[in-house]
$ cat structure38.txt   # compact mmCIF, C-alpha atoms
# COMPACT_ATOMS: atom_id res chain seq x y z
CA MET Z 15 154.88 185.83 52.05
CA SER Z 16 153.56 185.72 48.52
CA GLU Z 17 155.36 183.45 46.03
CA LYS Z 18 153.53 184.82 42.99
CA LYS Z 19 154.46 188.13 41.40
CA ALA Z 20 152.67 190.41 38.95
CA ILE Z 21 154.93 192.44 36.67
CA LEU Z 22 153.71 195.92 35.73
CA THR Z 23 155.34 197.88 32.95
CA VAL Z 24 154.31 201.45 32.12
CA ASP Z 25 155.73 203.65 29.35
CA GLY Z 26 158.31 205.90 30.96
CA MET Z 27 158.90 203.63 33.95
CA GLU Z 28 162.62 202.97 34.32
CA SER Z 29 162.14 199.31 35.20
CA PRO Z 30 159.16 196.95 35.58
CA GLN Z 31 157.43 196.96 38.97
CA GLU Z 32 157.08 193.63 40.77
CA LEU Z 33 153.84 193.39 42.74
CA PRO Z 34 153.10 190.60 45.26
CA VAL Z 35 150.10 188.37 44.58
CA TYR Z 36 148.27 186.96 47.60
CA THR Z 37 145.99 183.91 47.73
CA GLY Z 38 143.16 183.80 50.24
CA SER Z 39 141.42 180.72 51.61
CA LEU Z 40 138.67 181.24 49.01
CA GLY Z 41 138.15 183.58 46.09
CA PRO Z 42 140.38 185.15 43.44
CA ASP Z 43 144.01 186.09 44.01
CA VAL Z 44 144.75 189.68 44.98
CA ILE Z 45 147.51 191.90 43.56
CA ASP Z 46 149.11 194.15 46.19
CA VAL Z 47 149.47 197.56 44.51
CA ARG Z 48 150.70 199.52 47.53
CA GLN Z 49 154.23 199.83 46.14
CA LEU Z 50 152.96 201.77 43.13
CA THR Z 51 152.79 205.02 45.11
CA SER Z 52 156.57 205.02 45.45
CA ARG Z 53 156.77 204.98 41.64
CA GLY Z 54 154.28 207.85 41.29
CA TYR Z 55 151.22 205.81 40.30
CA PHE Z 56 147.78 205.07 41.78
CA THR Z 57 145.22 202.53 40.59
CA TYR Z 58 141.88 203.78 39.24
CA ASP Z 59 138.80 201.82 40.31
CA PRO Z 60 135.56 203.85 40.61
CA GLY Z 61 133.28 202.25 43.18
CA PHE Z 62 136.17 200.03 44.35
CA VAL Z 63 134.55 197.08 42.57
CA SER Z 64 137.94 195.53 41.77
CA THR Z 65 139.73 196.60 44.94
CA ALA Z 66 140.19 194.60 48.14
CA SER Z 67 140.20 197.33 50.78
CA CYS Z 68 140.99 195.00 53.66
CA GLU Z 69 141.72 191.46 54.75
CA SER Z 70 138.80 189.76 56.49
CA LYS Z 71 137.87 186.39 57.97
CA ILE Z 72 134.17 187.11 58.49
CA THR Z 73 132.10 186.61 55.32
CA TYR Z 74 132.73 185.16 51.88
CA ILE Z 75 130.54 185.56 48.78
CA ASP Z 76 130.84 183.77 45.45
CA GLY Z 77 128.23 185.53 43.35
CA GLY Z 78 128.70 183.28 40.34
CA LYS Z 79 127.88 180.14 42.32
CA GLY Z 80 125.32 181.70 44.66
CA VAL Z 81 127.40 181.08 47.79
CA LEU Z 82 127.30 183.08 51.04
CA LEU Z 83 129.41 181.90 53.98
CA HIS Z 84 129.61 183.33 57.49
CA ARG Z 85 132.87 182.15 59.10
CA GLY Z 86 132.76 179.19 56.70
CA TYR Z 87 129.14 178.17 57.36
CA PRO Z 88 126.66 178.39 54.42
CA ILE Z 89 123.83 180.82 55.06
CA GLU Z 90 121.25 178.11 54.29
CA VAL Z 91 122.68 175.92 57.06
CA LEU Z 92 122.64 178.76 59.57
CA ALA Z 93 119.05 179.63 58.65
CA GLU Z 94 117.99 176.01 59.15
CA LYS Z 95 119.99 175.04 62.23
CA SER Z 96 120.84 178.29 63.99
CA ASP Z 97 119.08 181.47 65.09
CA TYR Z 98 119.98 185.13 64.89
CA LEU Z 99 121.74 185.45 68.25
CA GLU Z 100 123.81 182.31 67.73
CA SER Z 101 124.82 183.69 64.32
CA CYS Z 102 125.69 186.99 66.03
CA TYR Z 103 128.03 185.13 68.34
CA LEU Z 104 129.58 183.35 65.35
CA LEU Z 105 130.18 186.61 63.45
CA LEU Z 106 131.66 188.33 66.50
CA HIS Z 107 133.84 185.52 67.84
CA GLY Z 108 134.63 183.39 64.79
CA GLU Z 109 133.29 180.10 66.16
CA LEU Z 110 129.90 178.70 67.11
CA PRO Z 111 129.24 178.87 70.87
CA SER Z 112 129.01 175.88 73.17
CA GLN Z 113 125.69 175.44 74.94
CA GLY Z 114 127.02 177.32 77.97
CA GLN Z 115 128.47 180.13 75.88
CA TYR Z 116 125.22 180.43 73.94
CA GLN Z 117 123.11 180.71 77.07
CA GLU Z 118 125.50 183.28 78.55
CA PHE Z 119 125.42 185.36 75.36
CA VAL Z 120 121.61 185.23 75.14
CA ASN Z 121 121.38 186.25 78.79
CA ILE Z 122 123.71 189.23 78.26
CA ILE Z 123 121.80 190.46 75.22
CA THR Z 124 118.45 189.97 76.94
CA HIS Z 125 119.51 192.11 79.89
CA HIS Z 126 120.87 194.91 77.69
CA THR Z 127 117.66 195.45 75.68
CA MET Z 128 116.37 198.36 77.75
CA VAL Z 129 117.50 201.86 76.81
CA HIS Z 130 118.13 204.87 79.03
CA GLU Z 131 114.81 206.47 79.98
CA SER Z 132 115.99 209.83 78.67
CA ILE Z 133 116.04 208.36 75.17
CA ALA Z 134 112.23 208.31 75.24
CA ARG Z 135 112.30 212.09 75.73
CA PHE Z 136 114.89 212.32 72.93
CA PHE Z 137 112.35 210.70 70.58
CA ARG Z 138 109.75 213.33 71.39
CA GLY Z 139 111.99 215.88 69.67
CA PHE Z 140 111.23 214.20 66.33
CA HIS Z 141 108.11 215.13 64.40
CA TYR Z 142 105.55 212.33 64.42
CA ASP Z 143 105.91 211.75 60.67
CA SER Z 144 109.71 211.72 60.61
CA HIS Z 145 111.16 208.92 58.50
CA PRO Z 146 112.19 206.05 60.81
CA MET Z 147 115.69 205.94 59.28
CA ALA Z 148 116.14 209.64 60.09
CA MET Z 149 115.30 208.85 63.70
CA MET Z 150 117.60 205.82 63.75
CA CYS Z 151 120.54 207.86 62.43
CA GLY Z 152 120.06 210.44 65.14
CA ILE Z 153 119.31 208.08 68.02
CA VAL Z 154 122.14 205.60 67.38
CA GLY Z 155 124.66 208.40 66.94
CA ALA Z 156 123.42 209.90 70.21
CA LEU Z 157 123.94 206.66 72.16
CA SER Z 158 127.54 207.69 72.76
CA ALA Z 159 126.14 210.52 74.90
CA PHE Z 160 124.25 208.00 77.05
CA TYR Z 161 126.78 205.15 77.20
CA HIS Z 162 130.09 206.99 77.29
CA ASP Z 163 131.49 204.68 79.99
CA SER Z 164 132.79 202.20 77.38
CA LEU Z 165 134.04 204.20 74.40
CA ASP Z 166 137.76 203.41 74.55
CA ILE Z 167 138.15 201.54 71.27
CA ASN Z 168 141.59 200.28 72.34
CA ASP Z 169 140.06 198.50 75.36
CA SER Z 170 138.81 195.06 74.27
CA GLU Z 171 136.32 194.94 77.16
CA HIS Z 172 134.86 198.28 76.10
CA ARG Z 173 134.47 196.99 72.54
CA VAL Z 174 132.62 193.90 73.77
CA ILE Z 175 130.28 195.95 75.98
CA SER Z 176 129.49 198.32 73.11
CA ALA Z 177 128.85 195.37 70.79
CA HIS Z 178 126.42 193.81 73.26
CA ARG Z 179 124.64 197.11 73.80
CA LEU Z 180 124.19 197.78 70.11
CA ILE Z 181 122.91 194.29 69.24
CA ALA Z 182 120.54 194.32 72.22
CA LYS Z 183 119.18 197.84 71.88
CA MET Z 184 118.67 198.09 68.12
CA PRO Z 185 115.31 196.20 68.14
CA THR Z 186 114.14 198.36 71.04
CA LEU Z 187 115.06 201.54 69.18
CA ALA Z 188 113.53 200.27 65.95
CA ALA Z 189 110.24 199.53 67.71
CA MET Z 190 110.36 202.96 69.35
CA CYS Z 191 110.62 204.56 65.90
CA TYR Z 192 107.45 202.74 64.86
CA LYS Z 193 105.55 203.53 68.05
CA HIS Z 194 106.51 207.21 67.83
CA SER Z 195 105.10 207.42 64.29
CA LYS Z 196 101.85 205.84 65.51
CA GLY Z 197 101.50 207.99 68.62
CA GLN Z 198 101.41 204.85 70.74
CA PRO Z 199 103.23 204.35 74.05
CA PHE Z 200 106.67 202.78 73.90
CA MET Z 201 106.80 199.15 74.99
CA TYR Z 202 109.49 198.01 77.39
CA PRO Z 203 111.35 194.79 76.53
CA ASN Z 204 110.09 191.63 78.20
CA ASN Z 205 112.90 189.39 79.44
CA LYS Z 206 110.65 186.32 79.24
CA LEU Z 207 110.63 186.58 75.45
CA ASN Z 208 113.44 185.72 73.07
CA TYR Z 209 115.12 188.30 70.81
CA SER Z 210 112.69 188.20 67.90
CA GLU Z 211 109.60 187.62 70.03
CA ASN Z 212 110.58 190.70 72.00
CA PHE Z 213 110.81 192.77 68.83
CA VAL Z 214 107.33 191.71 67.69
CA HIS Z 215 105.99 192.44 71.18
CA MET Z 216 107.57 195.92 71.27
CA MET Z 217 106.32 196.69 67.74
CA PHE Z 218 102.72 195.54 67.98
CA GLY Z 219 101.97 195.08 71.68
CA THR Z 220 100.31 197.60 73.97
CA PRO Z 221 100.41 198.08 77.76
CA CYS Z 222 96.75 197.03 77.82
CA ASN Z 223 97.47 193.40 76.95
CA ASP Z 224 99.83 190.60 77.88
CA PRO Z 225 102.39 189.59 75.25
CA ASP Z 226 100.80 187.55 72.46
CA VAL Z 227 103.35 186.71 69.77
CA ASN Z 228 102.67 184.36 66.89
CA PRO Z 229 105.66 181.96 66.80
CA VAL Z 230 105.60 181.82 62.98
CA ILE Z 231 105.90 185.62 62.84
CA ALA Z 232 108.70 185.64 65.42
CA ARG Z 233 110.60 182.98 63.47
CA ALA Z 234 110.18 184.97 60.26
CA ILE Z 235 111.57 188.09 61.93
CA ASP Z 236 114.49 186.04 63.25
CA ARG Z 237 115.28 184.81 59.75
CA ILE Z 238 115.04 188.30 58.29
CA PHE Z 239 117.58 189.48 60.86
CA LEU Z 240 119.82 186.43 60.29
CA LEU Z 241 119.77 186.65 56.49
CA HIS Z 242 120.74 190.32 56.63
CA ALA Z 243 123.38 189.95 59.36
CA ASP Z 244 126.38 190.51 57.07
CA HIS Z 245 127.18 190.70 53.37
CA GLU Z 246 130.92 191.32 53.11
CA GLN Z 247 132.33 194.72 51.99
CA ASN Z 248 129.14 196.41 50.81
CA ALA Z 249 128.64 200.20 50.88
CA SER Z 250 127.45 200.46 54.49
CA THR Z 251 130.01 198.01 55.88
CA SER Z 252 132.80 199.81 54.03
CA THR Z 253 131.49 203.08 55.48
CA VAL Z 254 131.59 201.67 59.01
CA ARG Z 255 135.17 200.53 58.44
CA LEU Z 256 136.18 203.89 56.96
CA ALA Z 257 134.56 205.83 59.81
CA GLY Z 258 136.13 203.47 62.33
CA SER Z 259 139.56 203.85 60.76
CA SER Z 260 139.66 207.40 62.16
CA GLY Z 261 139.20 206.07 65.69
CA ALA Z 262 135.56 207.17 65.93
CA ASN Z 263 133.44 205.57 68.65
CA PRO Z 264 131.31 202.53 67.74
CA PHE Z 265 127.96 204.32 67.99
CA ALA Z 266 129.12 207.00 65.55
CA CYS Z 267 130.42 204.31 63.17
CA ILE Z 268 127.15 202.36 63.22
CA ALA Z 269 125.20 205.60 62.68
CA ALA Z 270 127.37 206.18 59.59
CA GLY Z 271 126.47 202.69 58.38
CA ILE Z 272 122.76 203.39 58.93
CA ALA Z 273 123.03 206.62 56.94
CA THR Z 274 124.63 204.73 54.04
CA LEU Z 275 122.09 201.93 54.22
CA TRP Z 276 119.33 204.52 53.92
CA GLY Z 277 120.31 205.13 50.29
CA PRO Z 278 117.74 203.59 47.93
CA ALA Z 279 120.48 201.85 45.92
CA HIS Z 280 121.56 199.92 49.03
CA GLY Z 281 119.00 199.30 51.76
CA GLY Z 282 115.88 200.56 50.05
CA ALA Z 283 115.42 197.63 47.67
CA ASN Z 284 112.65 195.87 49.63
CA GLU Z 285 110.80 199.17 49.99
CA ALA Z 286 111.16 199.61 46.23
CA VAL Z 287 109.51 196.21 45.76
CA LEU Z 288 106.37 197.42 47.53
CA ASN Z 289 106.41 200.67 45.56
CA MET Z 290 106.56 198.61 42.37
CA LEU Z 291 103.66 196.41 43.44
CA GLU Z 292 101.62 199.51 44.25
CA GLU Z 293 102.46 200.96 40.83
CA ILE Z 294 101.28 197.78 39.08
CA GLY Z 295 98.14 198.03 41.19
CA ASP Z 296 96.13 195.10 39.86
CA GLU Z 297 96.77 191.58 38.58
CA LYS Z 298 95.29 192.53 35.20
CA ASN Z 299 98.18 194.96 34.68
CA ILE Z 300 100.96 192.42 35.25
CA ASP Z 301 101.44 191.37 31.62
CA THR Z 302 101.77 195.01 30.58
CA TYR Z 303 104.43 195.71 33.19
CA VAL Z 304 106.32 192.50 32.45
CA ALA Z 305 106.42 193.51 28.77
CA ARG Z 306 107.73 196.94 29.81
CA ALA Z 307 110.42 195.29 31.92
CA LYS Z 308 111.56 193.31 28.87
CA ASP Z 309 111.73 196.44 26.72
CA LYS Z 310 115.28 197.81 26.97
CA ASP Z 311 114.05 201.24 25.88
CA ASP Z 312 111.50 201.45 28.69
CA PRO Z 313 112.87 202.84 32.00
CA PHE Z 314 110.54 200.61 34.06
CA ARG Z 315 112.31 197.82 35.96
CA LEU Z 316 110.92 195.01 38.05
CA MET Z 317 112.34 195.48 41.54
CA GLY Z 318 113.41 192.51 43.65
CA PHE Z 319 114.69 190.40 40.75
CA GLY Z 320 118.35 189.63 40.12
CA HIS Z 321 121.23 190.90 42.24
CA ARG Z 322 124.36 192.95 41.61
CA VAL Z 323 126.57 190.37 43.35
CA TYR Z 324 124.74 187.09 42.74
CA LYS Z 325 124.78 186.02 39.10
CA ASN Z 326 122.95 182.89 40.14
CA PHE Z 327 120.10 182.42 42.63
CA ASP Z 328 120.52 184.52 45.79
CA PRO Z 329 121.04 181.82 48.47
CA ARG Z 330 119.19 183.94 51.02
CA ALA Z 331 116.15 184.08 48.74
CA LYS Z 332 115.66 180.30 48.91
CA VAL Z 333 115.27 180.51 52.68
CA MET Z 334 113.17 183.66 52.50
CA LYS Z 335 110.79 182.09 49.97
CA GLN Z 336 110.11 179.21 52.36
CA THR Z 337 109.59 181.67 55.20
CA CYS Z 338 107.27 183.75 53.03
CA ASP Z 339 105.08 180.73 52.32
CA GLU Z 340 104.98 179.86 56.04
CA VAL Z 341 103.91 183.40 57.01
CA LEU Z 342 101.21 183.69 54.35
CA ASN Z 343 99.80 180.28 55.32
CA ALA Z 344 99.90 181.07 59.05
CA LEU Z 345 98.11 184.38 58.55
CA GLY Z 346 95.65 182.98 56.03
CA ILE Z 347 96.25 185.86 53.64
CA GLU Z 348 94.63 185.19 50.29
CA ASN Z 349 92.89 188.35 49.16
CA ASP Z 350 95.49 191.08 49.60
CA PRO Z 351 95.83 192.56 46.09
CA LEU Z 352 99.53 193.43 46.38
CA LEU Z 353 100.42 189.96 47.65
CA LYS Z 354 98.49 188.45 44.75
CA ILE Z 355 100.55 190.53 42.33
CA ALA Z 356 103.76 189.47 44.08
CA LYS Z 357 102.96 185.76 43.91
CA ARG Z 358 102.08 186.04 40.20
CA LEU Z 359 105.33 187.91 39.47
CA GLU Z 360 107.26 185.25 41.36
CA LYS Z 361 105.71 182.53 39.20
CA ILE Z 362 106.53 184.42 36.00
CA ALA Z 363 110.14 185.02 37.04
CA LEU Z 364 110.69 181.34 37.84
CA GLU Z 365 109.09 180.07 34.60
CA ASP Z 366 109.53 182.76 31.91
CA GLU Z 367 112.46 182.06 29.57
CA TYR Z 368 113.43 185.76 29.50
CA PHE Z 369 113.93 185.90 33.26
CA ILE Z 370 115.59 182.49 33.41
CA ALA Z 371 118.06 183.35 30.62
CA LYS Z 372 119.03 186.61 32.31
CA LYS Z 373 119.03 184.95 35.75
CA LEU Z 374 116.56 187.47 37.09
CA TYR Z 375 115.44 185.29 39.97
CA PRO Z 376 113.46 186.74 42.90
CA ASN Z 377 115.99 187.94 45.45
CA VAL Z 378 115.95 188.30 49.24
CA ASP Z 379 114.46 191.80 49.02
CA PHE Z 380 111.50 190.54 47.00
CA TYR Z 381 110.48 187.99 49.61
CA SER Z 382 111.35 190.04 52.69
CA GLY Z 383 109.20 192.89 51.39
CA ILE Z 384 106.23 190.54 50.98
CA ILE Z 385 106.75 189.06 54.46
CA MET Z 386 106.94 192.42 56.18
CA LYS Z 387 103.90 193.68 54.28
CA ALA Z 388 101.97 190.62 55.42
CA ILE Z 389 103.06 191.02 59.04
CA GLY Z 390 101.96 194.66 59.07
CA ILE Z 391 105.33 196.40 59.09
CA PRO Z 392 105.02 199.65 57.08
CA LYS Z 393 107.36 200.02 54.15
CA ASP Z 394 109.19 203.02 55.63
CA MET Z 395 110.28 200.64 58.40
CA PHE Z 396 111.76 198.07 56.00
CA THR Z 397 115.24 199.61 55.95
CA VAL Z 398 115.15 199.91 59.75
CA MET Z 399 114.60 196.15 59.87
CA PHE Z 400 117.59 195.73 57.56
CA ALA Z 401 119.72 197.95 59.81
CA THR Z 402 118.70 196.03 62.91
CA GLY Z 403 119.83 192.72 61.45
CA ARG Z 404 122.97 194.17 59.83
CA THR Z 405 124.23 195.80 63.07
CA VAL Z 406 126.15 192.70 64.12
CA GLY Z 407 127.95 192.53 60.77
CA TRP Z 408 128.97 196.17 61.05
CA ILE Z 409 130.26 195.60 64.58
CA ALA Z 410 132.16 192.46 63.59
CA HIS Z 411 133.96 194.31 60.78
CA TRP Z 412 134.62 197.34 63.01
CA HIS Z 413 136.13 195.08 65.69
CA GLU Z 414 138.19 193.10 63.16
CA MET Z 415 139.59 196.30 61.68
CA ILE Z 416 140.68 197.57 65.09
CA THR Z 417 142.25 194.29 66.19
CA ASP Z 418 144.11 194.04 62.86
CA GLY Z 419 145.65 197.47 63.46
CA LEU Z 420 144.07 200.82 62.67
CA LYS Z 421 145.16 202.46 59.44
CA ILE Z 422 143.09 205.47 58.52
CA GLY Z 423 141.36 205.16 55.17
CA ARG Z 424 142.58 207.56 52.51
CA PRO Z 425 141.40 206.75 48.96
CA ARG Z 426 143.21 208.54 46.13
CA GLN Z 427 141.76 210.18 43.03
CA LEU Z 428 142.31 210.81 39.34
CA TYR Z 429 142.32 214.61 39.26
CA THR Z 430 140.76 216.09 36.10
CA GLY Z 431 140.16 219.66 37.27
CA ALA Z 432 141.86 222.89 36.25
CA PRO Z 433 145.67 223.12 36.41
CA VAL Z 434 147.34 226.07 38.16
CA ARG Z 435 145.63 229.33 37.14
CA GLU Z 436 146.26 233.06 37.55
CA PHE Z 437 143.81 234.82 39.89
CA PRO Z 438 141.83 237.42 37.83
CA ASP Z 439 140.41 240.69 39.09
CA ARG Z 440 136.70 240.31 39.96
CA ALA Z 441 135.68 243.13 37.62
CA THR Z 442 137.17 241.36 34.62
CA ARG Z 443 135.81 237.84 35.27
CA PRO Z 444 133.20 236.47 32.83
CA SER Z 445 129.92 234.99 34.11
CA HIS Z 446 129.58 231.22 34.22
CA ASN Z 447 126.91 228.60 34.81
CA PRO Z 448 127.27 227.17 38.33
CA SER Z 449 127.94 223.44 38.25
CA PHE Z 450 126.47 222.77 41.70
$ encode --input "structure38.txt" --output "C-alpha cells"
Amino acid sequence: MSEKKAILTVDGMESPQELPVYTGSLGPDVIDVRQLTSRGYFTYDPGFVSTASCESKITYIDGGKGVLLHRGYPIEVLAEKSDYLESCYLLLHGELPSQGQYQEFVNIITHHTMVHESIARFFRGFHYDSHPMAMMCGIVGALSAFYHDSLDINDSEHRVISAHRLIAKMPTLAAMCYKHSKGQPFMYPNNKLNYSENFVHMMFGTPCNDPDVNPVIARAIDRIFLLHADHEQNASTSTVRLAGSSGANPFACIAAGIATLWGPAHGGANEAVLNMLEEIGDEKNIDTYVARAKDKDDPFRLMGFGHRVYKNFDPRAKVMKQTCDEVLNALGIENDPLLKIAKRLEKIALEDEYFIAKKLYPNVDFYSGIIMKAIGIPKDMFTVMFATGRTVGWIAHWHEMITDGLKIGRPRQLYTGAPVREFPDRATRPSHNPSF
C-alpha cells in the first residue's frame, strides 16, 4: 500500500480528494487518479505523455540520463555480451537463461522459422510493388487463420507457443516481403544458420547458391534487432496492449502494433534519414542544409538527430555507431555519395556547438539507416526490420498484461462538441462547410 498521499482540491468539491502515490523500483512517483471518476472528474493528458497506463517490469528508460534497461540490464551490456535471442528470452521470462535454457530456446525458435506453404500463395495476392509494411500488416494478421490451434489467450502454453511462432517467423515473413517485391523465389530457412544469419540468407540468397553470409553483416543485423527489441510504452506497444486488452488473439495484436509502427512519426525515422540524405544530394550542399536546420523559420529538419525521449545521448546510438563503422570497414565502402554525406553530418553534429548545446546527437535511427543502406536493404524495408526486432517486446508486454489481469482499455475524453440540440427540418437547414 502507498504511504504517500496527494491532496486534490477543486472549486465546488465538497471535500479534498486524497489520491495514493506509488513508488516504483526506478523512476518518478505515480499518482493514482482512479478515484477521481467517483467524484465526477477525469484527468486530461493528450498523448498520455504524463500518464502511466500500466504497471510493468520489462523495460525502464531514463531519458535525461540516457539510460535504457531491459529487466534491469543496460542495453549497452546486452549489445556487448548477449545476442538477440538471449535478449528475447530475457524480455519474455524476466531472467537470463542458463546455458541449457538458452540452447533449448534457440532450438525451438530455429525449428519454428518455416511458415505454412499456403502463405507463399497468400503473398502472390499482393501487387509486386506493394509497400512491405502493407504486406506485413496483412500477413501477420492472417497468421491466426493458419495457426489457430493455439489462440486461447488464457492458456499459458498457448501464449508461449504463439510467442515462439511470432519471434521465429517474423524474419521469414520479412524476407518474403523483400523477395516478392524483387520477383525472386522465396528462400526457405536453413537450420544450420543462426537467427540473424538465416535472415541475411533468406533476404539475399538464391536457390542457385549455397548460403554465404558475411559474419559482420549478420552481427550487425543481430544488433539492429536487439537494439529495437523493446522501448517501454511507445505508440505501437501501447497499441498492442490496448488491442490485447479486448482479448484479441496475439497475431491480431501484433498486426495492430505493426500498423502503428508504420506511421512516419514512429517507425519511419530511419527511412526519413535516407530521404534527407537523398534531398541533400551532395557533400557540397551540406553547409546550406545545416544552416537551414539552424534557422527556426525554415521547415527543414535534420532527421536522425536528437530524440523525443532521450535528452542526452541515445544509449543505443553508441552501440549502433560502432556497428556502423564495422560494417562500412568490412564492406570497404568509401565512395557511396549518401554515406559520405552521412559521415560528414555525423562529424558536424558531434562537434558543432549548436548541436551540442541542443543535445542533437545522432540517434539510433541515423546509424541504423546508414547500416541498412550499406548492406543493401531498401529503405521501404527499414520499418519491417524495426518490426521484426520489436516483435518480442510487443509479445512480452501482451503476455504481461494478460498475466496481470485483463482490464479492457477505455480512455476518456474532454468533450467540446455541441450540447443537446433540436432536430431541424431538412428544408430549413443552412448549408455548412464539411469538417471532414
$ residues_around --input "structure38.txt" --residues "Thr23 (chain Z)" --least-positions-apart "6" --cutoff "12 Å" --atoms "only C-alpha atoms" --output "ChimeraX atom specification"
/Z:29-33,50,53,55
$ write_last_selection --input "structure38.txt" --atoms "C-alpha atoms" --output "short mmCIF file (atom, residue, chain, number, x, y, z; two decimals), in the coordinates of the input"
data_model
loop_
_atom_site.label_atom_id
_atom_site.label_comp_id
_atom_site.auth_asym_id
_atom_site.auth_seq_id
_atom_site.Cartn_x
_atom_site.Cartn_y
_atom_site.Cartn_z
CA SER Z 29 162.14 199.31 35.20
CA PRO Z 30 159.16 196.95 35.58
CA GLN Z 31 157.43 196.96 38.97
CA GLU Z 32 157.08 193.63 40.77
CA LEU Z 33 153.84 193.39 42.74
CA LEU Z 50 152.96 201.77 43.13
CA ARG Z 53 156.77 204.98 41.64
CA TYR Z 55 151.22 205.81 40.30
#
$ residues_near_point --input "structure38.txt" --point "(102.9, 180.4, 57.1)" --cutoff "12 Å" --atoms "only C-alpha atoms" --output "MDAnalysis selection string"
chainID Z and resid 228:234 334:348 385 388:389
$ write_last_selection --input "structure38.txt" --atoms "C-alpha atoms" --output "PDB file, in the frame of the given file"
ATOM      1  CA  ASN Z 228     102.670 184.360  66.890  1.00  0.00           C
ATOM      2  CA  PRO Z 229     105.660 181.960  66.800  1.00  0.00           C
ATOM      3  CA  VAL Z 230     105.600 181.820  62.980  1.00  0.00           C
ATOM      4  CA  ILE Z 231     105.900 185.620  62.840  1.00  0.00           C
ATOM      5  CA  ALA Z 232     108.700 185.640  65.420  1.00  0.00           C
ATOM      6  CA  ARG Z 233     110.600 182.980  63.470  1.00  0.00           C
ATOM      7  CA  ALA Z 234     110.180 184.970  60.260  1.00  0.00           C
ATOM      8  CA  MET Z 334     113.170 183.660  52.500  1.00  0.00           C
ATOM      9  CA  LYS Z 335     110.790 182.090  49.970  1.00  0.00           C
ATOM     10  CA  GLN Z 336     110.110 179.210  52.360  1.00  0.00           C
ATOM     11  CA  THR Z 337     109.590 181.670  55.200  1.00  0.00           C
ATOM     12  CA  CYS Z 338     107.270 183.750  53.030  1.00  0.00           C
ATOM     13  CA  ASP Z 339     105.080 180.730  52.320  1.00  0.00           C
ATOM     14  CA  GLU Z 340     104.980 179.860  56.040  1.00  0.00           C
ATOM     15  CA  VAL Z 341     103.910 183.400  57.010  1.00  0.00           C
ATOM     16  CA  LEU Z 342     101.210 183.690  54.350  1.00  0.00           C
ATOM     17  CA  ASN Z 343      99.800 180.280  55.320  1.00  0.00           C
ATOM     18  CA  ALA Z 344      99.900 181.070  59.050  1.00  0.00           C
ATOM     19  CA  LEU Z 345      98.110 184.380  58.550  1.00  0.00           C
ATOM     20  CA  GLY Z 346      95.650 182.980  56.030  1.00  0.00           C
ATOM     21  CA  ILE Z 347      96.250 185.860  53.640  1.00  0.00           C
ATOM     22  CA  GLU Z 348      94.630 185.190  50.290  1.00  0.00           C
ATOM     23  CA  ILE Z 385     106.750 189.060  54.460  1.00  0.00           C
ATOM     24  CA  ALA Z 388     101.970 190.620  55.420  1.00  0.00           C
ATOM     25  CA  ILE Z 389     103.060 191.020  59.040  1.00  0.00           C
TER      26      ILE Z 389
END
$ closest_residue --input "structure38.txt" --among "Z:Pro146, Z:Val35, Z:Phe239, Z:Tyr368" --to "Ala307 (chain Z)" --atoms "only C-alpha atoms"
Z:Tyr368
$ residues_near_point --input "structure38.txt" --point "(128.1, 201.0, 68.3)" --cutoff "9 Å" --atoms "only C-alpha atoms" --output "PyMOL selection string"
chain Z and resi 154-155+157-158+173+176-181+263-269+405+408-409
$ closest_residue --input "structure38.txt" --among "Z:Met147, Z:Asp366, Z:Thr37, Z:Asp46" --to "Ile21 (chain Z)" --atoms "all atoms listed in the file"
Z:Asp46
$ residues_around --input "structure38.txt" --residues "region 315-329 of chain Z" --least-positions-apart "5" --cutoff "6 Å" --atoms "only C-alpha atoms" --output "PDB file with C-alpha atoms, keeping the file's coordinate frame"
ATOM      1  CA  GLY Z  77     128.230 185.530  43.350  1.00  0.00           C
ATOM      2  CA  GLY Z  78     128.700 183.280  40.340  1.00  0.00           C
ATOM      3  CA  GLY Z  80     125.320 181.700  44.660  1.00  0.00           C
ATOM      4  CA  VAL Z 287     109.510 196.210  45.760  1.00  0.00           C
ATOM      5  CA  ALA Z 307     110.420 195.290  31.920  1.00  0.00           C
ATOM      6  CA  LEU Z 374     116.560 187.470  37.090  1.00  0.00           C
ATOM      7  CA  TYR Z 375     115.440 185.290  39.970  1.00  0.00           C
ATOM      8  CA  PRO Z 376     113.460 186.740  42.900  1.00  0.00           C
ATOM      9  CA  ASN Z 377     115.990 187.940  45.450  1.00  0.00           C
ATOM     10  CA  ASP Z 379     114.460 191.800  49.020  1.00  0.00           C
ATOM     11  CA  PHE Z 380     111.500 190.540  47.000  1.00  0.00           C
TER      12      PHE Z 380
END
$ closest_residue --input "structure38.txt" --among "Z:Cys68, Z:Leu22, Z:Ala243, Z:Ala188" --to "Gln49 (chain Z)" --atoms "all atoms listed in the file"
Z:Leu22
$ closest_residue --input "structure38.txt" --among "Z:Ile355, Z:Ile272, Z:Val24, Z:Asn284" --to "Tyr303 (chain Z)" --atoms "only C-alpha atoms"
Z:Ile355
$ residues_around --input "structure38.txt" --residues "Tyr202 (chain Z)" --least-positions-apart "3" --cutoff "12 Å" --atoms "all atoms listed in the file" --output "ChimeraX atom specification"
/Z:125-131,134,183,185-187,189-190,193,199,205-207,212-221,225
$ write_last_selection --input "structure38.txt" --atoms "C-alpha atoms" --output "compact mmCIF listing (two decimals), keeping the file's coordinate frame"
# COMPACT_ATOMS: atom_id res chain seq x y z
CA HIS Z 125 119.51 192.11 79.89
CA HIS Z 126 120.87 194.91 77.69
CA THR Z 127 117.66 195.45 75.68
CA MET Z 128 116.37 198.36 77.75
CA VAL Z 129 117.50 201.86 76.81
CA HIS Z 130 118.13 204.87 79.03
CA GLU Z 131 114.81 206.47 79.98
CA ALA Z 134 112.23 208.31 75.24
CA LYS Z 183 119.18 197.84 71.88
CA PRO Z 185 115.31 196.20 68.14
CA THR Z 186 114.14 198.36 71.04
CA LEU Z 187 115.06 201.54 69.18
CA ALA Z 189 110.24 199.53 67.71
CA MET Z 190 110.36 202.96 69.35
CA LYS Z 193 105.55 203.53 68.05
CA PRO Z 199 103.23 204.35 74.05
CA ASN Z 205 112.90 189.39 79.44
CA LYS Z 206 110.65 186.32 79.24
CA LEU Z 207 110.63 186.58 75.45
CA ASN Z 212 110.58 190.70 72.00
CA PHE Z 213 110.81 192.77 68.83
CA VAL Z 214 107.33 191.71 67.69
CA HIS Z 215 105.99 192.44 71.18
CA MET Z 216 107.57 195.92 71.27
CA MET Z 217 106.32 196.69 67.74
CA PHE Z 218 102.72 195.54 67.98
CA GLY Z 219 101.97 195.08 71.68
CA THR Z 220 100.31 197.60 73.97
CA PRO Z 221 100.41 198.08 77.76
CA PRO Z 225 102.39 189.59 75.25
